[in-house]
>>> print(open('structure_20.pdb').read())   # PDB, C-alpha atoms and all ligand atoms
ATOM      1  CA  MET R 879     106.023  20.610 -16.681
ATOM      2  CA  GLU R 880     103.811  20.568 -19.748
ATOM      3  CA  LYS R 881     102.780  17.209 -21.079
ATOM      4  CA  PRO R 882     104.695  16.317 -24.252
ATOM      5  CA  THR R 883     103.064  15.999 -27.636
ATOM      6  CA  LEU R 884     103.297  12.642 -29.369
ATOM      7  CA  LYS R 885     106.027  13.961 -31.670
ATOM      8  CA  GLU R 886     108.083  15.253 -28.717
ATOM      9  CA  PHE R 887     107.568  11.994 -26.851
ATOM     10  CA  VAL R 888     108.736   9.830 -29.756
ATOM     11  CA  LYS R 889     111.813  11.994 -30.234
ATOM     12  CA  THR R 890     112.827  11.697 -26.577
ATOM     13  CA  ASN R 891     111.724   8.165 -25.781
ATOM     14  CA  ASN R 892     112.224   6.248 -29.004
ATOM     15  CA  SER R 893     115.511   7.835 -30.063
ATOM     16  CA  VAL R 894     117.054   4.373 -30.440
ATOM     17  CA  LEU R 895     114.480   3.651 -33.153
ATOM     18  CA  GLY R 896     115.635   6.779 -34.923
ATOM     19  CA  GLU R 897     114.083   9.533 -36.961
ATOM     20  CA  GLN R 898     112.629   6.901 -39.283
ATOM     21  CA  PHE R 899     110.315   5.489 -36.651
ATOM     22  CA  ALA R 900     109.142   9.022 -35.812
ATOM     23  CA  GLN R 901     108.192   9.381 -39.491
ATOM     24  CA  ILE R 902     105.772   6.449 -39.175
ATOM     25  CA  ILE R 903     104.165   7.891 -36.050
ATOM     26  CA  VAL R 904     103.701  11.245 -37.810
ATOM     27  CA  ALA R 905     102.026   9.493 -40.770
ATOM     28  CA  LEU R 906      99.827   7.562 -38.380
ATOM     29  CA  GLN R 907      98.699  10.524 -36.338
ATOM     30  CA  SER R 908      97.893  12.785 -39.272
ATOM     31  CA  THR R 909      95.936  10.018 -41.022
ATOM     32  CA  ALA R 910      94.061   9.229 -37.797
ATOM     33  CA  VAL R 911      92.924  12.862 -37.587
ATOM     34  CA  ILE R 912      91.623  12.788 -41.177
ATOM     35  CA  VAL R 913      89.799   9.477 -40.663
ATOM     36  CA  ASN R 914      88.408  10.742 -37.357
ATOM     37  CA  SER R 915      86.963  13.853 -38.973
ATOM     38  CA  LYS R 916      85.323  11.688 -41.621
ATOM     39  CA  LEU R 917      83.895   9.404 -38.925
ATOM     40  CA  ALA R 918      82.622  12.433 -36.996
ATOM     41  CA  ARG R 919      80.300  13.131 -39.935
ATOM     42  CA  ASN R 920      79.207   9.498 -40.096
ATOM     43  CA  GLY R 921      75.470   9.373 -40.663
ATOM     44  CA  LEU R 922      75.591  12.516 -42.790
ATOM     45  CA  ILE R 923      77.892  11.260 -45.472
ATOM     46  CA  ALA R 924      77.569   9.023 -48.474
ATOM     47  CA  GLU R 925      80.403   6.741 -47.346
ATOM     48  CA  GLN R 926      78.239   5.250 -44.597
ATOM     49  CA  GLY R 927      77.016   1.694 -44.893
ATOM     50  CA  SER R 928      77.998  -1.238 -46.990
ATOM     51  CA  SER R 929      79.839  -0.655 -50.257
ATOM     52  CA  GLY R 930      78.078  -3.695 -51.698
ATOM     53  CA  ASP R 931      81.497  -5.316 -52.198
ATOM     54  CA  LYS R 932      83.086  -8.230 -50.415
ATOM     55  CA  ASN R 933      86.694  -7.996 -49.231
ATOM     56  CA  VAL R 934      89.342 -10.570 -50.095
ATOM     57  CA  TYR R 935      87.893 -12.859 -47.392
ATOM     58  CA  GLY R 936      84.311 -12.634 -48.685
ATOM     59  CA  GLU R 937      83.196 -10.272 -45.915
ATOM     60  CA  ASP R 938      80.965  -7.255 -46.404
ATOM     61  CA  VAL R 939      83.106  -4.148 -46.966
ATOM     62  CA  GLN R 940      81.876  -0.936 -45.383
ATOM     63  CA  LYS R 941      82.586   2.178 -47.459
ATOM     64  CA  LEU R 942      84.544   3.725 -44.605
ATOM     65  CA  ASP R 943      86.686   0.560 -44.437
ATOM     66  CA  GLU R 944      87.796   1.212 -48.000
ATOM     67  CA  TYR R 945      88.379   4.885 -47.305
ATOM     68  CA  ALA R 946      90.503   4.217 -44.196
ATOM     69  CA  ASN R 947      92.413   1.444 -45.940
ATOM     70  CA  GLU R 948      93.346   3.698 -48.845
ATOM     71  CA  LEU R 949      94.431   6.548 -46.559
ATOM     72  CA  PHE R 950      96.517   4.528 -44.076
ATOM     73  CA  THR R 951      98.093   2.332 -46.764
ATOM     74  CA  GLN R 952      99.151   5.351 -48.835
ATOM     75  CA  ALA R 953     100.372   7.275 -45.772
ATOM     76  CA  PHE R 954     102.642   4.393 -44.735
ATOM     77  CA  LEU R 955     103.840   3.702 -48.285
ATOM     78  CA  SER R 956     104.878   7.329 -48.675
ATOM     79  CA  CYS R 957     107.318   7.096 -45.725
ATOM     80  CA  ASN R 958     110.888   6.630 -46.961
ATOM     81  CA  CYS R 959     111.567   4.227 -44.105
ATOM     82  CA  VAL R 960     108.744   1.852 -45.079
ATOM     83  CA  TYR R 961     109.521  -1.094 -47.317
ATOM     84  CA  SER R 962     106.113  -2.806 -47.454
ATOM     85  CA  VAL R 963     102.574  -2.503 -46.110
ATOM     86  CA  GLY R 964      99.998  -5.230 -45.529
ATOM     87  CA  SER R 965      96.385  -4.642 -44.610
ATOM     88  CA  GLU R 966      93.380  -6.716 -43.640
ATOM     89  CA  GLU R 967      91.663  -5.204 -46.692
ATOM     90  CA  LEU R 968      94.443  -6.126 -49.163
ATOM     91  CA  ALA R 969      94.952  -9.608 -50.649
ATOM     92  CA  GLN R 970      98.716  -9.041 -50.917
ATOM     93  CA  PRO R 971     101.104  -6.572 -49.262
ATOM     94  CA  LYS R 972     102.171  -3.537 -51.285
ATOM     95  CA  LEU R 973     105.799  -2.539 -51.820
ATOM     96  CA  SER R 974     106.645   1.128 -51.387
ATOM     97  CA  GLY R 975     109.520   1.147 -53.852
ATOM     98  CA  HIS R 976     111.747   2.671 -51.106
ATOM     99  CA  ASP R 977     114.643   0.851 -49.561
ATOM    100  CA  GLY R 978     112.899   1.175 -46.190
ATOM    101  CA  ILE R 979     113.848  -0.493 -42.924
ATOM    102  CA  TYR R 980     110.308  -1.251 -41.728
ATOM    103  CA  SER R 981     107.340  -3.350 -42.839
ATOM    104  CA  ILE R 982     103.887  -2.440 -41.544
ATOM    105  CA  THR R 983     100.620  -4.324 -41.072
ATOM    106  CA  HIS R 984      97.315  -2.670 -40.303
ATOM    107  CA  ASP R 985      93.618  -3.252 -39.871
ATOM    108  CA  PRO R 986      92.338   0.125 -41.063
ATOM    109  CA  LEU R 987      88.901   0.060 -39.396
ATOM    110  CA  ASP R 988      88.488  -2.710 -36.890
ATOM    111  CA  GLY R 989      85.008  -3.312 -35.505
ATOM    112  CA  SER R 990      83.464  -1.845 -38.635
ATOM    113  CA  SER R 991      80.102  -3.489 -37.904
ATOM    114  CA  ASN R 992      79.849  -0.793 -35.196
ATOM    115  CA  ILE R 993      80.115   2.059 -37.716
ATOM    116  CA  ASP R 994      76.422   2.364 -38.464
ATOM    117  CA  THR R 995      75.523   2.528 -34.763
ATOM    118  CA  ASN R 996      78.143   5.146 -33.847
ATOM    119  CA  LEU R 997      80.013   2.916 -31.406
ATOM    120  CA  PRO R 998      83.806   2.957 -30.906
ATOM    121  CA  ILE R 999      85.989   1.518 -33.640
ATOM    122  CA  GLY R1000      89.723   1.603 -34.250
ATOM    123  CA  THR R1001      92.776   1.178 -36.429
ATOM    124  CA  ILE R1002      95.302  -1.488 -35.398
ATOM    125  CA  PHE R1003      98.923  -1.398 -36.581
ATOM    126  CA  ALA R1004     102.235  -3.163 -36.126
ATOM    127  CA  VAL R1005     105.715  -2.119 -37.221
ATOM    128  CA  TYR R1006     108.199  -4.892 -38.043
ATOM    129  CA  PRO R1007     111.807  -4.750 -39.193
ATOM    130  CA  LYS R1008     111.827  -4.869 -43.006
ATOM    131  CA  SER R1009     111.304  -8.340 -44.363
ATOM    132  CA  GLU R1010     110.571  -9.829 -47.775
ATOM    133  CA  THR R1011     107.508 -11.462 -46.223
ATOM    134  CA  LEU R1012     104.970 -10.195 -43.734
ATOM    135  CA  LEU R1013     104.530 -13.754 -42.495
ATOM    136  CA  GLN R1014     106.682 -13.124 -39.438
ATOM    137  CA  LYS R1015     106.336 -14.007 -35.782
ATOM    138  CA  GLY R1016     104.816 -11.269 -33.599
ATOM    139  CA  SER R1017     107.872 -11.527 -31.360
ATOM    140  CA  THR R1018     109.794  -9.579 -34.024
ATOM    141  CA  ILE R1019     107.464  -6.569 -33.700
ATOM    142  CA  THR R1020     109.260  -3.255 -33.085
ATOM    143  CA  ALA R1021     106.115  -1.361 -32.080
ATOM    144  CA  SER R1022     102.368  -1.901 -32.224
ATOM    145  CA  GLY R1023      99.256  -0.106 -31.170
ATOM    146  CA  TYR R1024      95.921   1.302 -32.150
ATOM    147  CA  VAL R1025      93.937   4.429 -32.801
ATOM    148  CA  LEU R1026      90.629   4.537 -30.925
ATOM    149  CA  TYR R1027      87.837   6.593 -32.492
ATOM    150  CA  GLY R1028      85.697   7.068 -29.401
ATOM    151  CA  PRO R1029      84.334  10.050 -27.471
ATOM    152  CA  SER R1030      87.901  11.295 -27.816
ATOM    153  CA  LEU R1031      90.500  10.338 -30.391
ATOM    154  CA  MET R1032      93.349   8.346 -28.857
ATOM    155  CA  LEU R1033      96.543   6.752 -30.076
ATOM    156  CA  ILE R1034      98.129   4.083 -27.892
ATOM    157  CA  TYR R1035     101.351   2.354 -28.822
ATOM    158  CA  ALA R1036     103.825  -0.058 -27.320
ATOM    159  CA  THR R1037     107.519  -0.597 -27.830
ATOM    160  CA  LYS R1038     109.503  -3.216 -25.883
ATOM    161  CA  GLY R1039     108.575  -2.776 -22.207
ATOM    162  CA  SER R1040     106.611   0.444 -22.616
ATOM    163  CA  VAL R1041     103.019   1.392 -23.437
ATOM    164  CA  ASN R1042     101.886   5.004 -23.688
ATOM    165  CA  GLY R1043      98.610   6.684 -24.597
ATOM    166  CA  PHE R1044      97.976  10.022 -26.289
ATOM    167  CA  THR R1045      94.723  11.964 -26.589
ATOM    168  CA  TYR R1046      94.043  14.333 -29.450
ATOM    169  CA  ASP R1047      93.355  17.875 -28.324
ATOM    170  CA  PRO R1048      91.357  19.552 -31.121
ATOM    171  CA  LYS R1049      92.126  22.946 -29.570
ATOM    172  CA  PHE R1050      95.840  22.541 -30.319
ATOM    173  CA  GLY R1051      95.522  20.078 -33.199
ATOM    174  CA  ASP R1052      97.937  17.686 -31.521
ATOM    175  CA  PHE R1053      98.133  14.405 -29.631
ATOM    176  CA  ILE R1054      99.201  14.948 -26.008
ATOM    177  CA  LEU R1055     100.601  12.326 -23.627
ATOM    178  CA  SER R1056      97.588  11.559 -21.425
ATOM    179  CA  HIS R1057      98.336   7.989 -20.268
ATOM    180  CA  PRO R1058     102.074   7.567 -19.560
ATOM    181  CA  ASN R1059     103.604   4.143 -18.778
ATOM    182  CA  ILE R1060     100.401   2.145 -18.876
ATOM    183  CA  ALA R1061     100.357  -0.981 -16.727
ATOM    184  CA  ILE R1062      97.357  -3.247 -17.279
ATOM    185  CA  GLY R1063      94.583  -2.761 -14.683
ATOM    186  CA  SER R1064      93.400  -5.288 -12.114
ATOM    187  CA  LYS R1065      89.593  -5.134 -12.284
ATOM    188  CA  LYS R1066      87.591  -8.331 -12.786
ATOM    189  CA  ILE R1067      85.921  -7.831 -16.144
ATOM    190  CA  TYR R1068      85.396 -10.507 -18.763
ATOM    191  CA  SER R1069      84.705  -9.697 -22.388
ATOM    192  CA  ILE R1070      83.406 -12.303 -24.821
ATOM    193  CA  ASN R1071      80.472 -12.712 -27.207
ATOM    194  CA  GLU R1072      78.537 -14.933 -24.823
ATOM    195  CA  GLY R1073      75.716 -15.197 -27.360
ATOM    196  CA  TYR R1074      77.792 -18.017 -28.863
ATOM    197  CA  TRP R1075      77.450 -20.087 -25.656
ATOM    198  CA  GLU R1076      76.031 -23.120 -27.438
ATOM    199  CA  LEU R1077      78.945 -23.016 -29.900
ATOM    200  CA  PHE R1078      81.667 -22.795 -27.229
ATOM    201  CA  HIS R1079      83.898 -25.737 -26.396
ATOM    202  CA  GLU R1080      83.186 -27.379 -23.065
ATOM    203  CA  ASN R1081      86.357 -26.098 -21.390
ATOM    204  CA  ASP R1082      85.409 -22.495 -22.272
ATOM    205  CA  GLN R1083      81.901 -23.045 -20.907
ATOM    206  CA  ASN R1084      83.397 -24.494 -17.710
ATOM    207  CA  TYR R1085      85.742 -21.513 -17.348
ATOM    208  CA  LEU R1086      82.898 -19.015 -17.855
ATOM    209  CA  SER R1087      80.576 -20.861 -15.446
ATOM    210  CA  SER R1088      83.330 -20.862 -12.846
ATOM    211  CA  ILE R1089      84.104 -17.128 -12.972
ATOM    212  CA  LYS R1090      80.380 -16.326 -12.936
ATOM    213  CA  LYS R1091      79.960 -18.394  -9.783
ATOM    214  CA  GLU R1092      82.537 -16.147  -8.105
ATOM    215  CA  GLY R1093      79.946 -13.368  -8.382
ATOM    216  CA  SER R1094      82.563 -10.620  -8.612
ATOM    217  CA  TYR R1095      82.999 -10.247 -12.387
ATOM    218  CA  SER R1096      81.388  -7.715 -14.695
ATOM    219  CA  LEU R1097      80.711  -8.556 -18.329
ATOM    220  CA  ARG R1098      81.491  -5.886 -20.935
ATOM    221  CA  TYR R1099      81.485  -6.481 -24.692
ATOM    222  CA  VAL R1100      81.628  -3.678 -27.260
ATOM    223  CA  GLY R1101      82.094  -6.021 -30.228
ATOM    224  CA  SER R1102      84.971  -3.896 -31.464
ATOM    225  CA  MET R1103      88.292  -5.459 -30.489
ATOM    226  CA  VAL R1104      90.027  -2.104 -30.119
ATOM    227  CA  GLY R1105      87.321  -0.876 -27.717
ATOM    228  CA  ASP R1106      87.326  -4.099 -25.709
ATOM    229  CA  VAL R1107      91.125  -4.317 -25.555
ATOM    230  CA  HIS R1108      91.423  -0.630 -24.613
ATOM    231  CA  ARG R1109      89.102  -1.137 -21.640
ATOM    232  CA  THR R1110      90.950  -4.343 -20.700
ATOM    233  CA  LEU R1111      94.261  -2.442 -20.815
ATOM    234  CA  LEU R1112      93.123   0.471 -18.666
ATOM    235  CA  LYS R1113      90.790  -1.312 -16.246
ATOM    236  CA  GLY R1114      91.961  -4.913 -16.353
ATOM    237  CA  GLY R1115      90.254  -8.251 -16.879
ATOM    238  CA  ILE R1116      90.241 -10.584 -19.841
ATOM    239  CA  PHE R1117      89.194 -10.431 -23.496
ATOM    240  CA  LEU R1118      88.368 -13.713 -25.219
ATOM    241  CA  TYR R1119      87.663 -14.679 -28.808
ATOM    242  CA  PRO R1120      88.231 -18.442 -28.600
ATOM    243  CA  SER R1121      87.640 -20.977 -31.328
ATOM    244  CA  ASP R1122      84.127 -22.416 -31.303
ATOM    245  CA  LYS R1123      81.959 -24.694 -33.412
ATOM    246  CA  LYS R1124      81.250 -21.901 -35.930
ATOM    247  CA  HIS R1125      84.768 -20.421 -35.887
ATOM    248  CA  PRO R1126      87.011 -23.524 -35.649
ATOM    249  CA  GLU R1127      90.138 -21.379 -36.001
ATOM    250  CA  GLY R1128      88.803 -18.389 -34.092
ATOM    251  CA  LYS R1129      87.661 -15.213 -35.860
ATOM    252  CA  LEU R1130      90.409 -12.675 -35.336
ATOM    253  CA  ARG R1131      93.408 -12.430 -37.593
ATOM    254  CA  LEU R1132      96.891 -13.197 -36.293
ATOM    255  CA  LEU R1133      98.681 -10.622 -38.427
ATOM    256  CA  TYR R1134      96.279  -7.701 -38.205
ATOM    257  CA  GLU R1135      94.610  -8.099 -34.793
ATOM    258  CA  ALA R1136      95.899 -10.815 -32.456
ATOM    259  CA  ALA R1137      99.685 -10.281 -32.751
ATOM    260  CA  PRO R1138      99.691  -6.429 -32.584
ATOM    261  CA  LEU R1139      97.298  -6.293 -29.626
ATOM    262  CA  GLY R1140      98.902  -9.338 -27.971
ATOM    263  CA  PHE R1141     102.288  -7.590 -28.163
ATOM    264  CA  LEU R1142     100.822  -4.429 -26.632
ATOM    265  CA  ILE R1143      99.083  -6.230 -23.759
ATOM    266  CA  ILE R1144     102.259  -8.195 -22.956
ATOM    267  CA  GLN R1145     104.296  -4.945 -22.844
ATOM    268  CA  SER R1146     101.761  -3.575 -20.337
ATOM    269  CA  GLY R1147     102.489  -6.508 -17.996
ATOM    270  CA  GLY R1148      99.623  -8.730 -19.164
ATOM    271  CA  SER R1149      99.506 -12.050 -21.018
ATOM    272  CA  ALA R1150      98.205 -13.351 -24.325
ATOM    273  CA  ILE R1151      97.393 -16.927 -25.278
ATOM    274  CA  SER R1152      96.347 -18.604 -28.506
ATOM    275  CA  ASN R1153      95.456 -22.275 -28.298
ATOM    276  CA  GLY R1154      97.771 -22.666 -25.297
ATOM    277  CA  THR R1155     100.763 -20.898 -26.852
ATOM    278  CA  ASN R1156     102.057 -17.361 -27.015
ATOM    279  CA  PRO R1157     100.499 -15.822 -30.170
ATOM    280  CA  LEU R1158     103.769 -13.955 -30.756
ATOM    281  CA  ASP R1159     105.517 -17.311 -31.341
ATOM    282  CA  ILE R1160     103.218 -18.326 -34.208
ATOM    283  CA  ILE R1161     104.521 -17.861 -37.762
ATOM    284  CA  PRO R1162     101.464 -17.004 -39.867
ATOM    285  CA  ALA R1163     100.941 -19.595 -42.616
ATOM    286  CA  LYS R1164      98.999 -17.024 -44.665
ATOM    287  CA  HIS R1165      98.161 -13.341 -44.438
ATOM    288  CA  ASP R1166      94.561 -13.891 -43.331
ATOM    289  CA  GLN R1167      95.265 -16.633 -40.770
ATOM    290  CA  ARG R1168      92.731 -16.587 -37.953
ATOM    291  CA  VAL R1169      93.609 -17.659 -34.426
ATOM    292  CA  PRO R1170      91.829 -18.037 -31.103
ATOM    293  CA  ILE R1171      92.979 -15.153 -28.874
ATOM    294  CA  ILE R1172      92.701 -14.612 -25.154
ATOM    295  CA  LEU R1173      94.437 -11.641 -23.566
ATOM    296  CA  GLY R1174      94.336  -9.733 -20.320
ATOM    297  CA  SER R1175      96.002  -9.419 -16.949
ATOM    298  CA  LYS R1176      98.397 -12.220 -16.011
ATOM    299  CA  ASP R1177      96.127 -13.503 -13.194
ATOM    300  CA  GLU R1178      93.061 -13.670 -15.397
ATOM    301  CA  VAL R1179      94.832 -15.426 -18.281
ATOM    302  CA  GLU R1180      96.388 -17.848 -15.773
ATOM    303  CA  LYS R1181      92.928 -18.645 -14.425
ATOM    304  CA  TYR R1182      91.663 -19.287 -17.976
ATOM    305  CA  LEU R1183      94.618 -21.610 -18.629
ATOM    306  CA  GLY R1184      93.517 -23.709 -15.652
ATOM    307  CA  PHE R1185      90.538 -24.770 -17.812
ATOM    308  CA  PHE R1186      92.347 -24.899 -21.166
ATOM    309  CA  LYS R1187      92.202 -27.972 -23.385
ATOM    310  CA  PRO R1188      93.880 -28.019 -26.819
ATOM    311  CA  GLN R1189      91.296 -28.177 -29.631
TER     312      GLN R1189
HETATM  313  P1  LIG P1201      86.081  -6.885 -38.412
HETATM  314  O1  LIG P1201      87.561  -6.867 -38.738
HETATM  315  O2  LIG P1201      85.222  -7.370 -39.536
HETATM  316  O3  LIG P1201      85.624  -5.572 -37.854
HETATM  317  O4  LIG P1201      85.871  -8.032 -37.322
HETATM  318  C1  LIG P1201      86.609  -7.968 -36.145
HETATM  319  C2  LIG P1201      85.693  -7.684 -34.986
HETATM  320  C3  LIG P1201      86.468  -7.368 -33.737
HETATM  321  O5  LIG P1201      86.660  -5.984 -33.634
HETATM  322  C4  LIG P1201      85.579  -7.865 -32.651
HETATM  323  O6  LIG P1201      86.310  -8.254 -31.512
HETATM  324  C5  LIG P1201      84.904  -9.036 -33.299
HETATM  325  O7  LIG P1201      84.964  -8.846 -34.702
HETATM  326  C6  LIG P1201      83.470  -9.180 -32.910
HETATM  327  O8  LIG P1201      82.945 -10.339 -33.490
HETATM  328  P2  LIG P1201      81.508 -10.904 -33.057
HETATM  329  O9  LIG P1201      80.509 -10.008 -33.711
HETATM  330  O10 LIG P1201      81.489 -12.309 -33.588
HETATM  331  O11 LIG P1201      81.417 -10.865 -31.562
HETATM  332 MG    MG P1202      89.371  -6.305 -37.776
END
>>> encode(input="structure_20.pdb", output="structure tokens", more="lines below")
Ligand code: AHM
Ligand code: MG
Amino acid sequence: MEKPTLKEFVKTNNSVLGEQFAQIIVALQSTAVIVNSKLARNGLIAEQGSSGDKNVYGEDVQKLDEYANELFTQAFLSCNCVYSVGSEELAQPKLSGHDGIYSITHDPLDGSSNIDTNLPIGTIFAVYPKSETLLQKGSTITASGYVLYGPSLMLIYATKGSVNGFTYDPKFGDFILSHPNIAIGSKKIYSINEGYWELFHENDQNYLSSIKKEGSYSLRYVGSMVGDVHRTLLKGGIFLYPSDKKHPEGKLRLLYEAAPLGFLIIQSGGSAISNGTNPLDIIPAKHDQRVPIILGSKDEVEKYLGFFKPQ
């Protein structure tokens, strides 16, 4: 039997979420293709590099960040089923003006410091039931996932209890189911910016020293959360961005990075932890709230918790 396209898959497998959810996936996939074709010309185009602006958090904004933010935000807002859209690049969520049943958060180009060196980057998204505020627990997420702009273009998304991956086939101009029913892998790989060793808390240093002594772990760190989480999902292991002396709250954002990817890893049979609690149980106090995040296979997260001390 032929492998289904993403549209066919959503229709068959997410029928309980209705035609409206399919609308969001269609918006997502067509925008991903446009952004991907822009990224494919990275290095040749004027949008490369820093825009010279700072985003709402005072960080350097890459021109392609702005481009992707505009495209994804508008694509979501134009869906009748979408009520509001929040983005890492926007100070406040935007209302669509429709009486939609969903609210969406996204990080339009995560890992954007990798843009200029042509390394994998991604778009992270989460779909929530409509709410007047985006400051909701991750446990209310209906679906979350990411687009990976790598050697191939992929879209991976999770709904309760199910994670599936689709690869874009440029020959047919469509996303095809390439990774059905993903269960997190079991390889021993740890992924952390170990250059911050001197900044790490003692318990994190003790954990890292201990797994290194085992002699069976590989270290892999892309520096793009989508790339690192994608490898962790398919191969297994653990991804860590803990708090440290320079990032007392962690670096990654609860709403745009930690909750969507935590939800996805948990649906694949893995675990996610933020300061000893499930990140999906945290109500964000503000849109740009940062949290420590550790996610991976259940065994690996369990092992990490053996060293955990609240900070
Ligand atoms: P960004 O949203 O500015 O791209 O920052 C998020 C990225 C993540 O993709 C990645 O996991 C992390 O920052 C890497 O940070 P560091 O360079 O401190 O290791
Ligand atoms: Mg990001």
>>> residues_near_ligand(input="structure_20.pdb", ligand="ligand MG 1202 (chain P)", cutoff="7 Å", atoms="only C-alpha atoms and all ligand atoms", output="tab-separated table (two decimals) with C-alpha atoms, in the frame of the given file")
chain	number	residue	atom	x	y	z
R	985	ASP	CA	93.62	-3.25	-39.87
R	987	LEU	CA	88.90	0.06	-39.40
R	988	ASP	CA	88.49	-2.71	-36.89
R	989	GLY	CA	85.01	-3.31	-35.51
R	1130	LEU	CA	90.41	-12.68	-35.34
R	1135	GLU	CA	94.61	-8.10	-34.79
>>> residues_near_ligand(input="structure_20.pdb", ligand="ligand LIG 1201 (chain P)", cutoff="10 Å", atoms="all atoms listed in the file", output="JSON, numbers by chain")
{"R": [933, 935, 937, 938, 939, 940, 943, 966, 967, 985, 986, 987, 988, 989, 990, 991, 992, 993, 998, 999, 1000, 1001, 1002, 1069, 1070, 1071, 1072, 1073, 1074, 1099, 1100, 1101, 1102, 1103, 1104, 1105, 1106, 1107, 1117, 1118, 1119, 1124, 1125, 1128, 1129, 1130, 1131, 1134, 1135, 1136, 1171]}
>>> axis_aligned_box(input="structure_20.pdb", around="segment 902-915 of chain R", padding_each_side="4 Å", output="lines of an AutoDock Vina configuration file")
center_x = 96.4
center_y = 10.2
center_z = -38.6
size_x = 26.8
size_y = 15.4
size_z = 13.1
>>> resolve_selection(input="structure_20.pdb", expression="the PyMOL selection byres (((chain R and resi 911) around 10) and not hetatm)", output="PyMOL selection string")
chain R and resi 906-910+912-917+1025+1027+1031-1032+1046+1048+1051-1053
>>> closest_residue(input="structure_20.pdb", among="R:Gly1063, R:Gly1148, R:Gly964, R:Pro1138", to="Ala1036 of chain R", atoms="all atoms listed in the file")
R:Pro1138
>>> atom_distance(input="structure_20.pdb", atom1="atom CA of Ile1067 of chain R", atom2="atom CA of Leu1055 of chain R")
26.0 Å
>>> closest_residue(input="structure_20.pdb", among="R:Ser1146, R:Asn891, R:Asn1081, R:Ser1175", to="Gln1189 of chain R", atoms="all atoms listed in the file")
R:Asn1081
>>> residues_around(input="structure_20.pdb", residues="Gly1147 of chain R", least_positions_apart="5", cutoff="10 Å", atoms="all atoms listed in the file", output="MDAnalysis selection string")
chainID R and resid 1039:1041 1060:1063 1111 1142 1174:1176
>>> closest_residue(input="structure_20.pdb", among="R:His1057, R:Thr951, R:Ala1150, R:Ile982", to="Leu1112 of chain R", atoms="all atoms listed in the file")
R:His1057
>>> atom_distance(input="structure_20.pdb", atom1="atom CA of Ser1094 of chain R", atom2="atom CA of Glu1080 of chain R")
22.1 Å
>>> atom_distance(input="structure_20.pdb", atom1="atom CA of Ser1009 of chain R", atom2="atom CA of Gly1023 of chain R")
19.7 Å
>>> closest_residue(input="structure_20.pdb", among="R:Tyr945, R:Phe1078, R:Tyr980, R:Phe950", to="Gly896 of chain R", atoms="all atoms listed in the file")
R:Tyr980
>>> closest_residue(input="structure_20.pdb", among="R:Glu1092, R:Glu897, R:Glu944, R:Glu1178", to="Tyr1068 of chain R", atoms="all atoms listed in the file")
R:Glu1178
>>> closest_residue(input="structure_20.pdb", among="R:Pro1126, R:Gly1016, R:Pro971, R:Gly1115", to="Asn1156 of chain R", atoms="only C-alpha atoms")
R:Gly1016
>>> resolve_selection(input="structure_20.pdb", expression="the PyMOL selection byres (((chain R and resi 1183) around 10) and not hetatm)", output="ChimeraX atom specification")
/R:1081-1082,1085,1151,1153-1154,1172,1177-1182,1184-1187
>>> residues_near_point(input="structure_20.pdb", point="(102.5, -17.8, -41.1)", cutoff="12 Å", atoms="all atoms listed in the file", output="PyMOL selection string")
chain R and resi 1011-1016+1131-1133+1137+1157-1169
>>> write_last_selection(input="structure_20.pdb", atoms="C-alpha atoms", output="mmCIF file, in the frame of the given file")
data_model
loop_
_atom_site.group_PDB
_atom_site.id
_atom_site.type_symbol
_atom_site.label_atom_id
_atom_site.label_comp_id
_atom_site.auth_asym_id
_atom_site.auth_seq_id
_atom_site.Cartn_x
_atom_site.Cartn_y
_atom_site.Cartn_z
ATOM 1 C CA THR R 1011 107.508 -11.462 -46.223
ATOM 2 C CA LEU R 1012 104.970 -10.195 -43.734
ATOM 3 C CA LEU R 1013 104.530 -13.754 -42.495
ATOM 4 C CA GLN R 1014 106.682 -13.124 -39.438
ATOM 5 C CA LYS R 1015 106.336 -14.007 -35.782
ATOM 6 C CA GLY R 1016 104.816 -11.269 -33.599
ATOM 7 C CA ARG R 1131 93.408 -12.430 -37.593
ATOM 8 C CA LEU R 1132 96.891 -13.197 -36.293
ATOM 9 C CA LEU R 1133 98.681 -10.622 -38.427
ATOM 10 C CA ALA R 1137 99.685 -10.281 -32.751
ATOM 11 C CA PRO R 1157 100.499 -15.822 -30.170
ATOM 12 C CA LEU R 1158 103.769 -13.955 -30.756
ATOM 13 C CA ASP R 1159 105.517 -17.311 -31.341
ATOM 14 C CA ILE R 1160 103.218 -18.326 -34.208
ATOM 15 C CA ILE R 1161 104.521 -17.861 -37.762
ATOM 16 C CA PRO R 1162 101.464 -17.004 -39.867
ATOM 17 C CA ALA R 1163 100.941 -19.595 -42.616
ATOM 18 C CA LYS R 1164 98.999 -17.024 -44.665
ATOM 19 C CA HIS R 1165 98.161 -13.341 -44.438
ATOM 20 C CA ASP R 1166 94.561 -13.891 -43.331
ATOM 21 C CA GLN R 1167 95.265 -16.633 -40.770
ATOM 22 C CA ARG R 1168 92.731 -16.587 -37.953
ATOM 23 C CA VAL R 1169 93.609 -17.659 -34.426
#
>>> resolve_selection(input="structure_20.pdb", expression="the PyMOL selection byres (((chain R and resi 885) around 9) and not hetatm)", output="number ranges by chain")
R: 882-884, 886-890, 900, 903-904, 1052-1054
>>> residues_near_point(input="structure_20.pdb", point="(105.0, -3.3, -31.8)", cutoff="8 Å", atoms="only C-alpha atoms", output="PyMOL selection string")
chain R and resi 1003-1006+1019-1023+1035-1038+1138+1141-1142
